[in-house]
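Have a look at data-v7.tsv; it's TSV, C-alpha atoms:
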chain	number	residue	atom	x	y	z
A	11	MET	CA	-0.25	18.66	-14.05
A	12	THR	CA	0.17	16.42	-11.00
A	13	MET	CA	2.66	13.60	-10.89
A	14	PRO	CA	1.22	10.11	-10.31
A	15	THR	CA	1.73	8.66	-6.86
A	16	PRO	CA	4.18	5.76	-7.05
A	17	THR	CA	2.83	2.34	-6.21
A	18	GLU	CA	4.49	-0.30	-4.06
A	19	PRO	CA	4.56	-4.05	-4.78
A	20	GLY	CA	1.67	-4.70	-2.36
A	21	ASP	CA	-0.65	-2.13	-3.95
A	22	GLU	CA	-3.53	-3.53	-5.98
A	23	ALA	CA	-4.11	-0.19	-7.74
A	24	GLU	CA	-2.88	3.41	-7.96
A	25	PRO	CA	-3.78	5.46	-4.86
A	26	GLY	CA	-7.03	7.34	-5.47
A	27	THR	CA	-8.46	4.76	-7.87
A	28	PRO	CA	-12.25	4.56	-7.43
A	29	GLY	CA	-13.26	1.45	-5.48
A	30	THR	CA	-9.97	1.28	-3.56
A	31	GLY	CA	-8.75	2.43	-0.17
A	32	GLU	CA	-5.72	2.47	2.07
A	33	ASN	CA	-5.17	-0.50	4.38
A	34	LEU	CA	-2.43	-1.66	6.72
A	35	CYS	CA	0.20	-3.86	5.12
A	36	ARG	CA	-0.36	-7.46	6.21
A	37	HIS	CA	3.29	-8.40	5.66
A	38	CYS	CA	4.65	-5.96	8.28
A	39	ASN	CA	1.38	-5.38	10.19
A	40	GLY	CA	1.59	-1.66	9.44
A	41	THR	CA	5.02	-1.10	10.99
A	42	GLY	CA	6.81	-0.47	7.69
A	43	GLU	CA	9.63	-2.82	8.71
A	44	HIS	CA	10.28	-6.52	8.27
A	45	ASP	CA	13.33	-8.19	9.83
A	46	GLY	CA	14.82	-4.76	10.59
A	47	GLU	CA	14.61	-3.60	6.95
A	48	PRO	CA	11.99	-1.53	5.09
A	49	CYS	CA	9.10	-3.83	4.23
A	50	PRO	CA	9.41	-5.11	0.65
A	51	VAL	CA	5.62	-5.19	0.20
A	52	CYS	CA	4.69	-1.63	1.25
A	53	GLY	CA	8.06	0.01	0.67
A	54	GLY	CA	8.32	0.99	4.32
A	55	THR	CA	5.07	2.97	4.50
A	56	GLY	CA	3.10	0.36	6.46
A	57	LYS	CA	0.17	0.92	4.08
A	58	VAL	CA	-1.10	-0.57	0.81
A	59	THR	CA	-3.91	0.38	-1.58
A	60	GLU	CA	-6.49	-2.38	-1.91
A	61	GLY	CA	-9.87	-2.93	-3.51
A	62	LEU	CA	-12.85	-2.29	-1.23
A	63	ALA	CA	-15.21	-5.16	-0.48
A	64	GLY	CA	-18.74	-4.88	-1.75
A	65	GLY	CA	-17.86	-2.21	-4.33
Now that the file is in, can you turn its structure into structure tokens?
Amino acid sequence: MTMPTPTEPGDEAEPGTPGTGENLCRHCNGTGEHDGEPCPVCGGTGKVTEGLAGG
């Protein structure tokens, strides 16, 4: 049994959900930091899971 991948506040869905993909976090522009702290939207990863357009 695999453990679910934790989501971050900016994720629209669980990673691996059909019709979604990984994108750069718009809040930190993919750096993982905001004002010298881990980004509160992506949790410091610089990436978020979002719905794909046209799906």
Listed atoms of stretch 29-38 of chain A boxed along x, y and z, 3 Å each side, centre and edge lengths in Å, one decimal, as lines of an AutoDock Vina configuration file:
center_x = -4.3
center_y = -3.0
center_z = 1.4
size_x = 23.9
size_y = 16.9
size_z = 19.8
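Compared by their closest atoms to A:Gly20, and using all atoms listed in the file, the residues A:Val51, A:Gly46, A:Gly40, A:Leu34 rank with A:Val51 nearest.
Nearest to A:Val58 of all the residues A:Asp21, A:His37, A:Gly31, A:Asp45 is A:Asp21, counting all atoms listed in the file.
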Given the point (6.7, 1.1, 3.7) in the coordinates of this file, which residues lie within 9 Å, counting all atoms listed in the file, and how would they look as an mmCIF file with C-alpha atoms, keeping the file's coordinate frame?
data_model
loop_
_atom_site.group_PDB
_atom_site.id
_atom_site.type_symbol
_atom_site.label_atom_id
_atom_site.label_comp_id
_atom_site.auth_asym_id
_atom_site.auth_seq_id
_atom_site.Cartn_x
_atom_site.Cartn_y
_atom_site.Cartn_z
ATOM 1 C CA GLU A 18 4.490 -0.300 -4.060
ATOM 2 C CA CYS A 35 0.200 -3.860 5.120
ATOM 3 C CA CYS A 38 4.650 -5.960 8.280
ATOM 4 C CA GLY A 40 1.590 -1.660 9.440
ATOM 5 C CA THR A 41 5.020 -1.100 10.990
ATOM 6 C CA GLY A 42 6.810 -0.470 7.690
ATOM 7 C CA GLU A 43 9.630 -2.820 8.710
ATOM 8 C CA PRO A 48 11.990 -1.530 5.090
ATOM 9 C CA CYS A 49 9.100 -3.830 4.230
ATOM 10 C CA PRO A 50 9.410 -5.110 0.650
ATOM 11 C CA VAL A 51 5.620 -5.190 0.200
ATOM 12 C CA CYS A 52 4.690 -1.630 1.250
ATOM 13 C CA GLY A 53 8.060 0.010 0.670
ATOM 14 C CA GLY A 54 8.320 0.990 4.320
ATOM 15 C CA THR A 55 5.070 2.970 4.500
ATOM 16 C CA GLY A 56 3.100 0.360 6.460
ATOM 17 C CA LYS A 57 0.170 0.920 4.080
ATOM 18 C CA VAL A 58 -1.100 -0.570 0.810
#
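Coordinates place atom CA of A:Gly61 at a distance of 16.9 Å from atom CA of A:Pro16.
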